[in-house]
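J.: I'm passing along my_file.txt; it holds compact mmCIF, C-alpha atoms and all ligand atoms.
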```txt
# COMPACT_ATOMS: atom_id res chain seq x y z
CA MET A 24 70.38 112.26 137.75
CA GLY A 25 69.72 114.10 134.43
CA ARG A 26 67.60 117.04 133.38
CA THR A 27 64.86 115.21 131.40
CA ALA A 28 63.47 111.77 132.33
CA ILE A 29 61.94 109.84 129.43
CA SER A 30 59.98 106.65 130.14
CA TRP A 31 60.09 103.56 127.94
CA ASP A 32 58.77 100.02 128.24
CA VAL A 33 62.02 98.46 127.09
CA ILE A 34 65.53 99.85 126.53
CA ILE A 35 67.74 97.78 124.24
CA LEU A 36 71.48 98.47 124.09
CA GLY A 37 72.94 97.66 120.68
CA ALA A 38 71.41 97.98 117.20
CA GLY A 39 72.77 94.81 115.63
CA PRO A 40 70.52 92.03 114.29
CA ALA A 41 69.52 90.88 117.80
CA GLY A 42 68.57 94.31 119.18
CA LEU A 43 66.75 95.41 116.03
CA ALA A 44 64.86 92.12 115.69
CA LEU A 45 63.71 92.40 119.32
CA ALA A 46 62.61 96.01 118.80
CA ARG A 47 60.50 95.02 115.80
CA ASN A 48 59.20 91.89 117.47
CA LEU A 49 57.87 93.81 120.49
CA GLN A 50 55.86 96.32 118.49
CA PRO A 51 53.17 97.59 118.25
CA ASN A 52 51.95 99.23 121.43
CA ARG A 53 55.19 99.39 123.34
CA ARG A 54 57.61 102.26 123.78
CA ILE A 55 60.93 100.81 122.70
CA LEU A 56 64.26 102.63 122.74
CA VAL A 57 67.34 101.15 121.03
CA MET A 58 70.61 102.85 122.01
CA GLU A 59 73.51 102.25 119.64
CA ARG A 60 77.13 103.13 120.33
CA ARG A 61 78.09 103.83 116.69
CA ALA A 62 77.25 107.24 115.27
CA THR A 63 76.01 105.75 111.96
CA MET A 64 75.68 102.38 110.24
CA PRO A 65 79.01 101.43 108.63
CA THR A 66 79.01 101.74 104.85
CA GLU A 67 81.85 99.31 104.14
CA PRO A 68 81.31 95.59 103.58
CA ARG A 69 80.89 93.56 106.76
CA ILE A 70 81.88 89.99 107.46
CA GLY A 71 79.15 87.58 108.64
CA GLU A 72 77.39 86.98 105.34
CA SER A 73 76.20 83.39 105.47
CA LEU A 74 72.56 82.89 106.47
CA PRO A 75 71.07 79.39 106.76
CA GLY A 76 67.78 78.67 104.98
CA SER A 77 66.09 78.00 108.33
CA ALA A 78 66.31 81.75 109.10
CA SER A 79 63.54 82.34 106.54
CA VAL A 80 60.92 81.36 109.15
CA LEU A 81 62.23 83.95 111.58
CA LEU A 82 62.30 86.65 108.90
CA GLN A 83 58.74 85.71 107.93
CA ARG A 84 57.59 86.12 111.50
CA LEU A 85 59.24 89.55 111.55
CA GLY A 86 57.33 90.38 108.35
CA LEU A 87 60.60 91.07 106.52
CA PHE A 88 61.09 87.98 104.37
CA ASP A 89 59.62 89.34 101.10
CA GLN A 90 61.78 92.43 101.34
CA PHE A 91 64.78 90.26 102.16
CA LEU A 92 64.16 88.11 99.06
CA SER A 93 64.09 91.16 96.81
CA GLY A 94 67.48 92.26 98.19
CA ASP A 95 70.98 91.82 96.87
CA HIS A 96 71.72 88.36 98.30
CA ARG A 97 73.06 85.26 96.56
CA GLU A 98 71.77 81.76 97.08
CA ARG A 99 74.45 79.71 98.82
CA GLY A 100 76.23 77.09 96.76
CA ALA A 101 77.58 73.77 98.00
CA THR A 102 80.17 73.60 100.74
CA LEU A 103 83.52 72.12 99.84
CA THR A 104 85.74 71.18 102.76
CA ILE A 105 89.08 69.67 103.65
CA TRP A 106 88.47 69.04 107.31
CA ASP A 107 88.23 65.56 108.88
CA GLU A 108 90.39 64.01 106.16
CA THR A 109 92.79 65.41 103.61
CA THR A 110 90.35 64.54 100.84
CA ARG A 111 87.69 66.95 99.60
CA VAL A 112 84.13 66.59 100.81
CA TRP A 113 81.15 68.16 98.99
CA ARG A 114 77.99 68.95 100.85
CA ASP A 115 74.94 70.49 99.23
CA ALA A 116 71.52 71.44 100.53
CA LEU A 117 69.63 68.87 98.48
CA ARG A 118 68.23 67.13 101.56
CA ASP A 119 67.78 70.26 103.65
CA PRO A 120 64.07 71.17 103.72
CA SER A 121 64.99 74.77 104.56
CA GLY A 122 66.97 75.17 101.35
CA PRO A 123 70.55 76.29 100.79
CA GLY A 124 70.40 79.70 102.49
CA TRP A 125 72.16 82.84 101.29
CA ASN A 126 75.47 84.61 101.04
CA MET A 127 74.14 87.99 101.96
CA ASN A 128 75.03 91.54 101.35
CA ARG A 129 75.42 91.95 105.10
CA ARG A 130 75.24 95.74 105.07
CA GLU A 131 71.91 95.58 103.24
CA PHE A 132 70.62 92.96 105.69
CA ASP A 133 71.52 95.17 108.67
CA GLN A 134 69.79 98.14 106.97
CA LEU A 135 66.68 96.01 106.42
CA LEU A 136 66.49 95.25 110.14
CA LEU A 137 67.13 98.89 111.05
CA ALA A 138 64.34 100.11 108.77
CA GLY A 139 62.14 97.26 110.08
CA ALA A 140 62.59 98.39 113.69
CA ARG A 141 61.98 102.06 112.81
CA ASP A 142 58.90 101.30 110.67
CA ALA A 143 57.44 99.33 113.56
CA GLY A 144 57.73 102.41 115.77
CA ALA A 145 60.92 101.85 117.77
CA THR A 146 63.15 104.84 118.49
CA ILE A 147 66.80 104.33 117.56
CA LEU A 148 69.36 106.64 119.16
CA GLU A 149 72.79 106.41 117.55
CA GLY A 150 76.09 107.71 118.93
CA CYS A 151 75.38 106.58 122.52
CA SER A 152 78.99 105.88 123.33
CA GLN A 153 79.09 107.03 126.92
CA PHE A 154 76.45 106.57 129.55
CA GLU A 155 75.83 105.59 133.14
CA ILE A 156 73.42 102.88 134.18
CA GLY A 157 71.60 103.10 137.49
CA ARG A 158 68.32 102.11 139.11
CA GLN A 159 65.38 104.20 140.27
CA GLY A 160 62.86 101.96 142.05
CA GLN A 161 61.99 99.12 139.66
CA ASP A 162 63.36 101.00 136.66
CA TRP A 163 66.68 100.87 134.91
CA CYS A 164 67.86 104.40 134.14
CA ILE A 165 70.50 105.39 131.62
CA ARG A 166 72.00 108.84 131.60
CA LEU A 167 73.64 109.78 128.34
CA HIS A 168 76.75 111.87 128.74
CA GLN A 169 76.37 113.80 125.48
CA SER A 170 72.84 115.09 126.13
CA ASP A 171 72.44 114.53 129.86
CA ASP A 172 69.01 112.97 129.03
CA LEU A 173 67.77 110.28 131.35
CA HIS A 174 66.03 107.24 129.81
CA CYS A 175 64.19 104.83 132.14
CA ALA A 176 62.44 101.48 131.66
CA PRO A 177 61.59 98.43 133.76
CA ILE A 178 63.34 96.18 131.19
CA LEU A 179 66.93 96.52 129.99
CA VAL A 180 68.32 94.23 127.26
CA ASP A 181 71.99 93.76 126.45
CA ALA A 182 72.33 93.28 122.67
CA THR A 183 75.84 94.74 122.46
CA GLY A 184 77.33 91.80 120.60
CA ARG A 185 80.26 89.60 121.54
CA SER A 186 81.57 91.89 124.28
CA GLY A 187 78.32 91.51 126.25
CA SER A 188 79.65 94.63 127.87
CA ILE A 189 76.54 95.60 129.77
CA ALA A 190 75.93 92.15 131.26
CA ARG A 191 79.58 91.89 132.29
CA ARG A 192 79.51 95.41 133.73
CA LEU A 193 76.42 94.51 135.76
CA GLY A 194 77.98 91.37 137.23
CA VAL A 195 76.63 88.49 135.10
CA SER A 196 79.22 85.68 135.12
CA VAL A 197 81.05 84.62 131.99
CA TYR A 198 80.97 80.88 131.28
CA LEU A 199 83.30 80.72 128.28
CA ASP A 200 85.44 83.10 126.20
CA ASP A 201 87.49 81.45 123.46
CA PRO A 202 90.40 83.57 122.15
CA LEU A 203 89.82 82.79 118.47
CA LEU A 204 90.85 85.58 116.12
CA CYS A 205 89.53 86.05 112.59
CA VAL A 206 91.88 87.73 110.10
CA TYR A 207 90.07 88.61 106.89
CA THR A 208 90.04 90.64 103.74
CA PHE A 209 87.63 91.31 100.90
CA LEU A 210 88.86 90.42 97.43
CA CYS A 211 87.65 91.89 94.18
CA SER A 212 86.19 88.97 92.34
CA CYS A 213 86.58 88.64 88.54
CA PRO A 214 83.34 89.00 86.53
CA ASP A 215 83.80 85.42 85.27
CA ASP A 216 84.23 83.97 88.79
CA GLU A 217 81.34 81.51 88.80
CA ASP A 218 82.54 79.56 91.81
CA ALA A 219 79.56 79.65 94.19
CA THR A 220 81.05 77.18 96.68
CA MET A 221 81.88 77.96 100.27
CA ARG A 222 85.38 76.54 100.73
CA ILE A 223 86.68 75.58 104.16
CA GLN A 224 90.11 74.12 104.90
CA ALA A 225 91.75 73.19 108.20
CA ASP A 226 95.50 73.51 108.76
CA GLU A 227 97.79 73.03 111.79
CA GLN A 228 97.13 76.45 113.24
CA GLY A 229 93.52 77.15 112.37
CA TRP A 230 91.07 77.14 109.50
CA TRP A 231 90.29 79.08 106.32
CA TYR A 232 87.19 79.93 104.42
CA THR A 233 86.36 81.79 101.29
CA ALA A 234 83.04 82.50 99.65
CA GLN A 235 81.67 84.89 97.06
CA ILE A 236 79.48 87.67 98.33
CA PRO A 237 77.35 90.12 96.29
CA HIS A 238 78.86 93.12 94.46
CA GLY A 239 81.60 91.06 92.82
CA GLN A 240 83.44 90.48 96.05
CA ARG A 241 84.86 87.47 97.81
CA VAL A 242 85.65 87.14 101.49
CA LEU A 243 88.82 85.34 102.58
CA ALA A 244 89.22 84.60 106.29
CA TYR A 245 91.59 82.70 108.55
CA HIS A 246 90.78 81.75 112.14
CA LEU A 247 93.61 81.13 114.58
CA ASP A 248 94.50 81.66 118.22
CA ALA A 249 94.83 85.33 119.09
CA GLU A 250 98.16 84.68 120.84
CA ASN A 251 99.63 82.91 117.81
CA PRO A 252 102.32 85.32 116.46
CA LEU A 253 101.69 84.13 112.89
CA TRP A 254 99.15 86.84 112.05
CA ARG A 255 101.53 89.62 113.11
CA GLN A 256 103.89 88.55 110.33
CA TRP A 257 101.40 89.63 107.68
CA GLN A 258 102.41 93.24 107.26
CA LYS A 259 100.51 93.69 104.00
CA PRO A 260 97.32 92.12 102.62
CA LEU A 261 99.46 90.44 99.95
CA ASP A 262 101.44 88.57 102.65
CA PHE A 263 98.15 87.14 103.87
CA LEU A 264 97.10 86.21 100.36
CA ASP A 265 100.43 84.48 99.70
CA TYR A 266 100.00 82.42 102.86
CA ALA A 267 96.43 81.53 101.92
CA ARG A 268 97.62 80.33 98.51
CA ARG A 269 99.63 77.54 100.15
CA HIS A 270 96.28 75.83 100.70
CA GLN A 271 95.18 74.19 97.49
CA LEU A 272 91.42 74.29 98.07
CA ILE A 273 91.52 78.00 98.93
CA ALA A 274 94.14 78.88 96.32
CA GLU A 275 91.93 77.64 93.48
CA ALA A 276 89.27 80.21 94.32
CA ILE A 277 91.53 83.23 94.92
CA HIS A 278 94.47 82.77 92.60
CA THR A 279 94.08 85.93 90.51
CA LEU A 280 92.47 88.22 93.04
CA ALA A 281 93.75 91.33 94.81
CA PRO A 282 92.97 91.92 98.48
CA SER A 283 91.76 95.07 100.23
CA LYS A 284 93.02 95.97 103.71
CA LEU A 285 93.45 93.28 106.38
CA GLN A 286 90.89 93.31 109.18
CA TYR A 287 90.77 91.52 112.54
CA ARG A 288 87.86 90.43 114.73
CA PRO A 289 87.65 88.35 117.92
CA ALA A 290 85.46 85.48 116.78
CA GLY A 291 85.50 82.61 119.31
CA THR A 292 82.65 81.22 121.34
CA ALA A 293 81.69 83.52 124.20
CA MET A 294 78.95 82.60 126.58
CA LEU A 295 77.43 84.18 129.64
CA ASP A 296 76.44 81.92 132.47
CA ILE A 297 72.75 81.89 131.58
CA ASP A 298 71.75 80.91 135.10
CA THR A 299 73.29 84.11 136.51
CA LEU A 300 71.36 86.67 134.43
CA HIS A 301 69.48 87.70 137.59
CA GLN A 302 72.80 88.86 139.12
CA ALA A 303 72.48 92.00 136.99
CA GLY A 304 69.19 92.84 138.66
CA SER A 305 65.49 92.32 137.99
CA GLY A 306 64.29 93.12 134.46
CA PHE A 307 67.61 92.38 132.75
CA LEU A 308 68.06 90.14 129.67
CA ALA A 309 70.87 89.49 127.21
CA ILE A 310 70.35 88.29 123.63
CA GLY A 311 72.30 87.53 120.45
CA ASP A 312 76.08 87.43 120.65
CA ALA A 313 75.98 89.20 124.00
CA LEU A 314 74.44 86.05 125.47
CA LEU A 315 76.05 83.40 123.29
CA THR A 316 78.52 84.07 120.49
CA PHE A 317 78.79 81.19 118.05
CA ASP A 318 82.10 80.24 116.49
CA PRO A 319 81.95 81.29 112.79
CA ILE A 320 82.46 77.63 111.76
CA SER A 321 78.80 77.13 112.71
CA SER A 322 77.40 79.97 110.52
CA GLN A 323 74.64 80.23 113.13
CA GLY A 324 75.31 83.66 114.65
CA ILE A 325 72.62 85.63 112.87
CA PHE A 326 70.08 82.83 113.17
CA HIS A 327 70.70 82.79 116.93
CA SER A 328 70.44 86.59 117.12
CA LEU A 329 67.00 86.51 115.50
CA ALA A 330 65.88 83.44 117.46
CA SER A 331 67.03 84.71 120.86
CA ALA A 332 65.35 88.06 120.12
CA GLU A 333 62.13 86.17 119.46
CA SER A 334 62.50 84.19 122.71
CA ALA A 335 63.12 87.40 124.66
CA ALA A 336 60.05 89.02 123.05
CA ASN A 337 57.98 85.98 124.08
CA ALA A 338 59.28 86.29 127.66
CA ILE A 339 58.37 89.98 127.78
CA ARG A 340 54.91 89.29 126.38
CA ALA A 341 54.52 86.51 128.98
CA GLY A 342 55.01 89.01 131.81
CA PHE A 343 58.77 89.25 132.34
CA PRO A 344 60.04 90.45 134.82
CA GLU A 345 57.03 90.08 137.14
CA HIS A 346 56.31 86.47 136.11
CA LEU A 347 59.25 84.28 137.09
CA ASP A 348 58.18 81.58 134.62
CA ALA A 349 58.83 83.93 131.72
CA LEU A 350 62.50 84.31 132.66
CA GLN A 351 62.84 80.60 133.40
CA ASN A 352 61.42 79.63 130.01
CA PHE A 353 63.83 82.01 128.29
CA GLN A 354 66.76 80.60 130.29
CA ASN A 355 65.71 77.01 129.59
CA GLU A 356 65.53 77.64 125.86
CA MET A 357 68.88 79.42 125.75
CA ARG A 358 70.57 76.81 127.96
CA ALA A 359 69.35 74.06 125.61
CA VAL A 360 70.70 75.98 122.59
CA GLY A 361 74.05 76.50 124.33
CA THR A 362 74.39 72.87 125.41
CA ARG A 363 73.60 71.48 121.95
CA TYR A 364 75.92 73.97 120.32
CA LEU A 365 78.88 73.13 122.59
CA ILE A 366 78.50 69.40 121.89
CA ASN A 367 78.45 70.02 118.12
CA LEU A 368 81.33 72.47 118.30
CA LYS A 369 83.53 70.03 120.16
CA SER A 370 82.89 67.26 117.69
CA THR A 371 83.60 69.66 114.80
CA TYR A 372 86.98 70.59 116.27
CA GLN A 373 87.75 66.93 117.00
CA GLY A 374 87.29 66.19 113.29
CA PRO A 375 90.80 66.85 111.91
CA ARG A 376 92.54 64.09 113.90
CA ARG A 377 95.76 64.62 111.96
CA PHE A 378 96.15 67.87 113.95
CA ALA A 379 95.16 66.37 117.32
CA ASN A 380 98.56 67.30 118.79
CA CYS A 381 98.49 70.88 117.54
CA GLU A 382 97.63 73.41 120.21
CA PHE A 383 94.89 75.17 118.24
CA TRP A 384 92.96 71.92 117.80
CA SER A 385 93.71 70.20 121.11
CA ARG A 386 92.50 73.14 123.21
CA ARG A 387 89.12 73.07 121.42
CA ALA A 388 88.69 69.33 121.11
C1 LIG A 401 84.59 86.63 111.57
C2 LIG A 401 83.12 86.42 111.75
C3 LIG A 401 82.39 85.78 110.78
C4 LIG A 401 81.03 85.56 110.97
N1 LIG A 401 80.32 84.92 109.99
C5 LIG A 401 79.01 84.68 110.19
C6 LIG A 401 78.24 84.02 109.19
O1 LIG A 401 78.74 83.70 108.12
N2 LIG A 401 76.93 83.77 109.45
C7 LIG A 401 76.35 84.15 110.63
O2 LIG A 401 75.15 83.89 110.83
N3 LIG A 401 77.04 84.80 111.57
C8 LIG A 401 78.34 85.08 111.38
N4 LIG A 401 79.04 85.76 112.32
C9 LIG A 401 78.36 86.18 113.54
C10 LIG A 401 77.38 87.32 113.32
O3 LIG A 401 78.00 88.42 112.69
C11 LIG A 401 76.86 87.72 114.70
O4 LIG A 401 76.36 86.57 115.32
C12 LIG A 401 75.76 88.77 114.66
O5 LIG A 401 76.23 89.97 114.07
C13 LIG A 401 75.34 89.04 116.09
O6 LIG A 401 74.36 90.03 116.13
P1 LIG A 401 74.19 90.86 117.47
O7 LIG A 401 73.11 91.84 117.19
O8 LIG A 401 74.05 89.95 118.63
O9 LIG A 401 75.58 91.61 117.67
P2 LIG A 401 76.34 92.64 116.72
O10 LIG A 401 76.05 92.40 115.29
O11 LIG A 401 77.76 92.61 117.15
O12 LIG A 401 75.71 94.04 117.11
C14 LIG A 401 75.94 94.63 118.37
C15 LIG A 401 75.67 96.13 118.27
O13 LIG A 401 75.84 96.70 119.56
C16 LIG A 401 76.59 97.90 119.46
N5 LIG A 401 77.26 98.10 120.76
C17 LIG A 401 78.35 97.49 121.27
N6 LIG A 401 78.62 97.94 122.49
C18 LIG A 401 77.66 98.84 122.80
C19 LIG A 401 77.38 99.61 123.94
N7 LIG A 401 78.15 99.56 125.02
N8 LIG A 401 76.30 100.43 123.92
C20 LIG A 401 75.51 100.48 122.82
N9 LIG A 401 75.71 99.76 121.70
C21 LIG A 401 76.77 98.94 121.70
C22 LIG A 401 77.56 97.62 118.33
O14 LIG A 401 78.04 98.83 117.77
C23 LIG A 401 76.67 96.84 117.37
O15 LIG A 401 75.97 97.68 116.48
C24 LIG A 401 80.40 85.99 112.15
C25 LIG A 401 81.15 86.66 113.13
C26 LIG A 401 82.49 86.87 112.94
C27 LIG A 401 83.29 87.60 113.99
```
Would you mind writing the file's structure down as structure tokens?
Ligand SMILES: Cc1cc2nc3c(=O)[nH]c(=O)nc-3n(C[C@H](O)[C@H](O)[C@H](O)COP(=O)(O)OP(=O)(O)OC[C@H]3O[C@@H](n4cnc5c(N)ncnc54)[C@H](O)[C@@H]3O)c2cc1C
T.:
Amino acid sequence: MGRTAISWDVIILGAGPAGLALARNLQPNRRILVMERRATMPTEPRIGESLPGSASVLLQRLGLFDQFLSGDHRERGATLTIWDETTRVWRDALRDPSGPGWNMNRREFDQLLLAGARDAGATILEGCSQFEIGRQGQDWCIRLHQSDDLHCAPILVDATGRSGSIARRLGVSVYLDDPLLCVYTFLCSCPDDEDATMRIQADEQGWWYTAQIPHGQRVLAYHLDAENPLWRQWQKPLDFLDYARRHQLIAEAIHTLAPSKLQYRPAGTAMLDIDTLHQAGSGFLAIGDALLTFDPISSQGIFHSLASAESAANAIRAGFPEHLDALQNFQNEMRAVGTRYLINLKSTYQGPRRFANCEFWSRRA
């Protein structure tokens, strides 16, 4: 295939939280290559800032918790919702033994994981946008178009995020793919904005949230069906802000703020058929969003990325792919997570009964 063949123990595609956590988790003593499509880490703010307190255990096991705590993250305040009923409901973390969690500086969190993987000895190759995947004996081999280098390993892990592009390309079946779209913007927060609440409000066509993030910013997001023409009407960020202000709970937190550009991300649940991972071929795993993308209403995406990376590392240490049990244990764990999540998700979307006849809600409930 290529001119140079380089051998690794594990090749991970995607340097998001899942791929980087797995790379760190598997060290020391393994040759780990992480191949990332982007040329560099983005420098602009990134959505996906809310981390539950329970993630502290996973960060501790990665040896990154102390560094995380010294970072630029805010403790999460109470959650204020208009969801099941039209009245406001407060929820705080008083009874949660894991604590309230954080509204993170997401860029800094991603950098922490990147440095953590590098410090542990993993090699990160950025700018791997085009490559071919093939097999040589028991090995997976990836030939990079830009360099013509050939990278081979007996284990290949898809950590490419929601697209799960490698698993899908290799023939793993898709179980679910919800066409939820997130439209969002970052607002400049006033210095005297002391509102630490996470505010969530349902309406006929979707749901809103806003929360303060570090660096004097606030995120404002709306989740609706991708095919709903509503979002195409917002030509300018101010159109979006005006629409958001029709919702009292949200309006109170954003009334004097100016938005930056509007951004769009597919955000719905996406799930591979976990039982069909072997269809890709022996030695293949998928983790993080590539395996199971959580709806943002759950705020569980990053937790799952770290947890599934840990489960995959356990499977590899237990002899995956030679030992069938190792794959089965991984599949059992992930299936249990997926099943529990889908039950909770359904009951969450059944909550606002006043919208039971609206398409957005009925298709998810
Ligand atoms: C609108 C929105 C709000 C969210 N809010 C929260 C939140 O508040 N809390 C929370 O916990 N989670 C949240 N999430 C989810 C969270 O961001 C994800 O769960 C998390 O980023 C998943 O990590 P990952 O590593 O699996 O995937 P990603 O973070 O998507 O990383 C995947 C990486 O793979 C790279 N890649 C893609 N394709 C290829 C390829 N072919 N080859 C090589 N590399 C590739 C990408 O460039 C990327 O760097 C939110 C998500 C959305 C969309």
J.: Considering only C-alpha atoms and all ligand atoms, give me a table of residues in chain A that are at most 6 Å from ligand LIG 401 (chain A), with the closest atom pair and distance in Å for each, as a tab-separated table.
T.:
```
residue	atom	partner	partner_atom	distance
A:Leu36	CA	A:LIG401	C20	4.7
A:Gly37	CA	A:LIG401	O13	3.3
A:Ala38	CA	A:LIG401	O15	4.6
A:Gly39	CA	A:LIG401	O7	3.4
A:Pro40	CA	A:LIG401	O7	3.9
A:Ala41	CA	A:LIG401	O7	3.8
A:Gly42	CA	A:LIG401	O7	5.5
A:Met58	CA	A:LIG401	C20	5.5
A:Glu59	CA	A:LIG401	N9	3.9
A:Arg60	CA	A:LIG401	N9	3.9
A:Arg61	CA	A:LIG401	O14	5.1
A:Ile70	CA	A:LIG401	C3	5.4
A:Gly71	CA	A:LIG401	N1	3.2
A:Glu72	CA	A:LIG401	O1	4.5
A:Ser73	CA	A:LIG401	O1	3.7
A:Leu74	CA	A:LIG401	O2	5.2
A:Ala182	CA	A:LIG401	O8	5.5
A:Thr183	CA	A:LIG401	O13	3.5
A:Gly184	CA	A:LIG401	O9	3.4
A:Arg185	CA	A:LIG401	O11	5.9
A:Ser188	CA	A:LIG401	N7	5.9
A:Cys205	CA	A:LIG401	C1	5.1
A:Arg288	CA	A:LIG401	C27	5.4
A:Pro289	CA	A:LIG401	C27	5.9
A:Ala290	CA	A:LIG401	C27	4.1
A:Gly311	CA	A:LIG401	O8	3.5
A:Asp312	CA	A:LIG401	O8	3.8
A:Ala313	CA	A:LIG401	O8	5.8
A:Pro319	CA	A:LIG401	C4	4.7
A:Ser322	CA	A:LIG401	N2	4.0
A:Gln323	CA	A:LIG401	O2	4.4
A:Gly324	CA	A:LIG401	O4	3.2
A:Ile325	CA	A:LIG401	O2	3.7
A:Phe326	CA	A:LIG401	O2	5.7
A:Ser328	CA	A:LIG401	O8	5.2
```
J.: Please return, as a VMD selection string, all polymer residues that have at least one atom within 10 Å of the point (79.2, 85.7, 102.1); use all atoms listed in the file and the file's own coordinate frame.
T.: chain A and resid 69 to 74 96 to 99 125 to 129 219 221 233 to 237 240 to 243
J.: Keeping C-alpha atoms, export the residues of the selection given above as a PDB file, keeping the file's coordinate frame.
T.:
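Result file is selection_34.pdb:
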```pdb
ATOM      1  CA  ARG A  69      80.890  93.560 106.760  1.00  0.00           C
ATOM      2  CA  ILE A  70      81.880  89.990 107.460  1.00  0.00           C
ATOM      3  CA  GLY A  71      79.150  87.580 108.640  1.00  0.00           C
ATOM      4  CA  GLU A  72      77.390  86.980 105.340  1.00  0.00           C
ATOM      5  CA  SER A  73      76.200  83.390 105.470  1.00  0.00           C
ATOM      6  CA  LEU A  74      72.560  82.890 106.470  1.00  0.00           C
ATOM      7  CA  HIS A  96      71.720  88.360  98.300  1.00  0.00           C
ATOM      8  CA  ARG A  97      73.060  85.260  96.560  1.00  0.00           C
ATOM      9  CA  GLU A  98      71.770  81.760  97.080  1.00  0.00           C
ATOM     10  CA  ARG A  99      74.450  79.710  98.820  1.00  0.00           C
ATOM     11  CA  TRP A 125      72.160  82.840 101.290  1.00  0.00           C
ATOM     12  CA  ASN A 126      75.470  84.610 101.040  1.00  0.00           C
ATOM     13  CA  MET A 127      74.140  87.990 101.960  1.00  0.00           C
ATOM     14  CA  ASN A 128      75.030  91.540 101.350  1.00  0.00           C
ATOM     15  CA  ARG A 129      75.420  91.950 105.100  1.00  0.00           C
ATOM     16  CA  ALA A 219      79.560  79.650  94.190  1.00  0.00           C
ATOM     17  CA  MET A 221      81.880  77.960 100.270  1.00  0.00           C
ATOM     18  CA  THR A 233      86.360  81.790 101.290  1.00  0.00           C
ATOM     19  CA  ALA A 234      83.040  82.500  99.650  1.00  0.00           C
ATOM     20  CA  GLN A 235      81.670  84.890  97.060  1.00  0.00           C
ATOM     21  CA  ILE A 236      79.480  87.670  98.330  1.00  0.00           C
ATOM     22  CA  PRO A 237      77.350  90.120  96.290  1.00  0.00           C
ATOM     23  CA  GLN A 240      83.440  90.480  96.050  1.00  0.00           C
ATOM     24  CA  ARG A 241      84.860  87.470  97.810  1.00  0.00           C
ATOM     25  CA  VAL A 242      85.650  87.140 101.490  1.00  0.00           C
ATOM     26  CA  LEU A 243      88.820  85.340 102.580  1.00  0.00           C
TER      27      LEU A 243
END
```
J.: For atom CA of A:Val80 and atom CA of A:Ser93, determine how far apart the two atoms are, in Å to one decimal place.
T.: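 Between these atoms lies a distance of 16.1 Å.
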J.: A:Pro202: which residues within 7 Å, counting all atoms listed in the file, same-chain residues fewer than 4 positions away excluded, as a ChimeraX atom specification?
T.: /A:248-249,289,291
J.: What are the nearest atom pairs, with distances in Å to one decimal, for all residues of stretch 270-367 of chain A that come at most 9 Å from stretch 157-174 of chain A, using all atoms listed in the file, set out by chain and rising residue number as a tab-separated table?
T.:
```
residue	atom	partner	partner_atom	distance
A:Ser305	CA	A:Gln161	CA	7.8
A:Gly306	CA	A:Trp163	CA	8.1
A:Phe307	CA	A:Trp163	CA	8.8
```
J.: Could the residues in this selection be written to a file with C-alpha atoms, as an mmCIF file, keeping the file's coordinate frame?
T.:
```cif
data_model
loop_
_atom_site.group_PDB
_atom_site.id
_atom_site.type_symbol
_atom_site.label_atom_id
_atom_site.label_comp_id
_atom_site.auth_asym_id
_atom_site.auth_seq_id
_atom_site.Cartn_x
_atom_site.Cartn_y
_atom_site.Cartn_z
ATOM 1 C CA SER A 305 65.490 92.320 137.990
ATOM 2 C CA GLY A 306 64.290 93.120 134.460
ATOM 3 C CA PHE A 307 67.610 92.380 132.750
#
```
